Amino acid sequence: MKNKNITYLLGVTVLVIWGIVFYRIFNGLSTDNTIISAPVREVVEFSDEIILDSFTLIANYRDPFLGAWGHTRNNVERPVNYATTKVSKVKKEEPVVKEPEIPMDWSFISYDGIVKNPKTNKNVILLSVNGRQYMASENETVDGVTIIKYFTDSIKVSYQGKTHSIRR
């Protein structure tokens with residue numbers, strides 16, 4: 001008997017909730033001729049008069065990073081005056097034009113690989129410069145190209161003061 005009463009109570013509650021939902025839907029779809037107006041905004045007029053504002057900064061709080069209280073230079077009270085006007089005039093500075101750097105063509109150098117000398121256990125780098133093949137080691141200069149560092153898949157070279165990494 002107790003379970004039947006709870007079931008009836010829950011059924012009535014569901015019907016009331018759905019009744020409210022349908023009432024709101026049909027009420028919103030009705031064709032009332034009510035006009036909803038937006039709130040009126042106030043118009044603010046600016047004047048051209050200068051407003052002087054002055055205040056004093058007191059920075060005597062604890063430094064959150066050092067844990068110490070402010071330094072002596074921060075404890076000095078400095079009056080700050082700002083003059084504000086309706087329109088501020090800013091001087092435009094001419095931008096400094098940097099000449100674009102001409103990229104260097106590194107295609108005349110190609111990295112062919114590494115050969116290990118079995119007698120001395122040293123690696124020898126195979127590379128081509130201007131179509132000619134050379135065998136060189138690290139920190140060695142060939143046709144003006146200095147090998148700075150070598151890796152299994154690339155080398156880092158320097159030519160005319162510029163460095164570049166060249167892949168195999």
# chains A, B, ... in the order shown; residues from 1 in each chain; ligands from 1
>>> residues_around(residues="A:Met135", least_positions_apart="2", cutoff="8 Å", atoms="only C-alpha atoms", output="count of residues only")
6
>>> atom_distance(atom1="atom CA of A:Val115", atom2="atom CA of A:Thr152")
10.4 Å
>>> residues_around(residues="A:Phe151", least_positions_apart="2", cutoff="10 Å", atoms="only C-alpha atoms", output="VMD selection string")
chain A and resid 113 to 114 125 149 153 to 156 167 to 168
>>> residues_around(residues="A:Asn139", least_positions_apart="6", cutoff="10 Å", atoms="only C-alpha atoms", output="CSV table (one decimal) with all heavy atoms, in the first residue's frame")
chain,number,residue,atom,x,y,z
A,145,VAL,N,84.7,26.5,-46.6
A,145,VAL,CA,83.6,26.0,-45.8
A,145,VAL,C,84.2,25.2,-44.6
A,145,VAL,O,85.0,24.3,-44.8
A,145,VAL,CB,82.8,25.0,-46.6
A,145,VAL,CG1,81.7,24.4,-45.7
A,145,VAL,CG2,82.2,25.7,-47.8
A,146,THR,N,83.9,25.7,-43.4
A,146,THR,CA,84.4,25.1,-42.2
A,146,THR,C,83.4,24.2,-41.6
A,146,THR,O,82.2,24.6,-41.4
A,146,THR,CB,84.8,26.2,-41.2
A,146,THR,OG1,85.7,27.1,-41.8
A,146,THR,CG2,85.4,25.6,-39.9
A,147,ILE,N,83.8,22.9,-41.3
A,147,ILE,CA,82.8,22.0,-40.6
A,147,ILE,C,82.9,22.2,-39.1
A,147,ILE,O,84.0,22.0,-38.5
A,147,ILE,CB,83.2,20.6,-41.0
A,147,ILE,CG1,83.2,20.4,-42.5
A,147,ILE,CG2,82.3,19.6,-40.3
A,147,ILE,CD1,83.8,19.1,-43.0
A,148,ILE,N,81.8,22.7,-38.5
A,148,ILE,CA,81.8,23.0,-37.1
A,148,ILE,C,81.5,21.7,-36.3
A,148,ILE,O,82.2,21.4,-35.4
A,148,ILE,CB,80.8,24.1,-36.8
A,148,ILE,CG1,81.1,25.3,-37.5
A,148,ILE,CG2,80.7,24.3,-35.3
A,148,ILE,CD1,80.1,26.4,-37.5
A,149,LYS,N,80.5,21.0,-36.7
A,149,LYS,CA,80.1,19.8,-35.9
A,149,LYS,C,79.4,18.8,-36.9
A,149,LYS,O,78.8,19.3,-37.9
A,149,LYS,CB,79.0,20.2,-34.9
A,149,LYS,CG,78.6,19.1,-34.0
A,149,LYS,CD,79.3,19.2,-32.7
A,149,LYS,CE,78.7,18.2,-31.7
A,149,LYS,NZ,79.7,17.5,-31.0
A,150,TYR,N,79.6,17.5,-36.7
A,150,TYR,CA,78.9,16.6,-37.6
A,150,TYR,C,78.0,15.6,-36.7
A,150,TYR,O,78.3,15.4,-35.6
A,150,TYR,CB,79.9,15.8,-38.3
A,150,TYR,CG,80.8,14.8,-37.5
A,150,TYR,CD1,80.4,13.5,-37.3
A,150,TYR,CD2,81.9,15.2,-36.9
A,150,TYR,CE1,81.1,12.6,-36.6
A,150,TYR,CE2,82.7,14.4,-36.1
A,150,TYR,CZ,82.3,13.1,-36.0
A,150,TYR,OH,83.0,12.2,-35.2
A,157,VAL,N,77.9,23.7,-40.7
A,157,VAL,CA,79.0,24.3,-41.4
A,157,VAL,C,79.0,25.9,-41.3
A,157,VAL,O,77.9,26.4,-41.0
A,157,VAL,CB,79.0,24.0,-42.9
A,157,VAL,CG1,79.2,22.5,-43.1
A,157,VAL,CG2,77.8,24.4,-43.6
A,158,SER,N,80.1,26.5,-41.5
A,158,SER,CA,80.3,27.9,-41.5
A,158,SER,C,80.9,28.4,-42.8
A,158,SER,O,81.9,27.8,-43.2
A,158,SER,CB,81.1,28.3,-40.3
A,158,SER,OG,81.4,29.7,-40.4
>>> atom_distance(atom1="atom CA of A:Pro100", atom2="atom CA of A:Thr141")
29.1 Å
>>> closest_residue(among="A:Asn117, A:Phe55, A:Gly144, A:Phe108", to="A:Arg132", atoms="only C-alpha atoms")
A:Phe108
>>> atom_distance(atom1="atom CA of A:His164", atom2="atom CA of A:Ser107")
11.1 Å
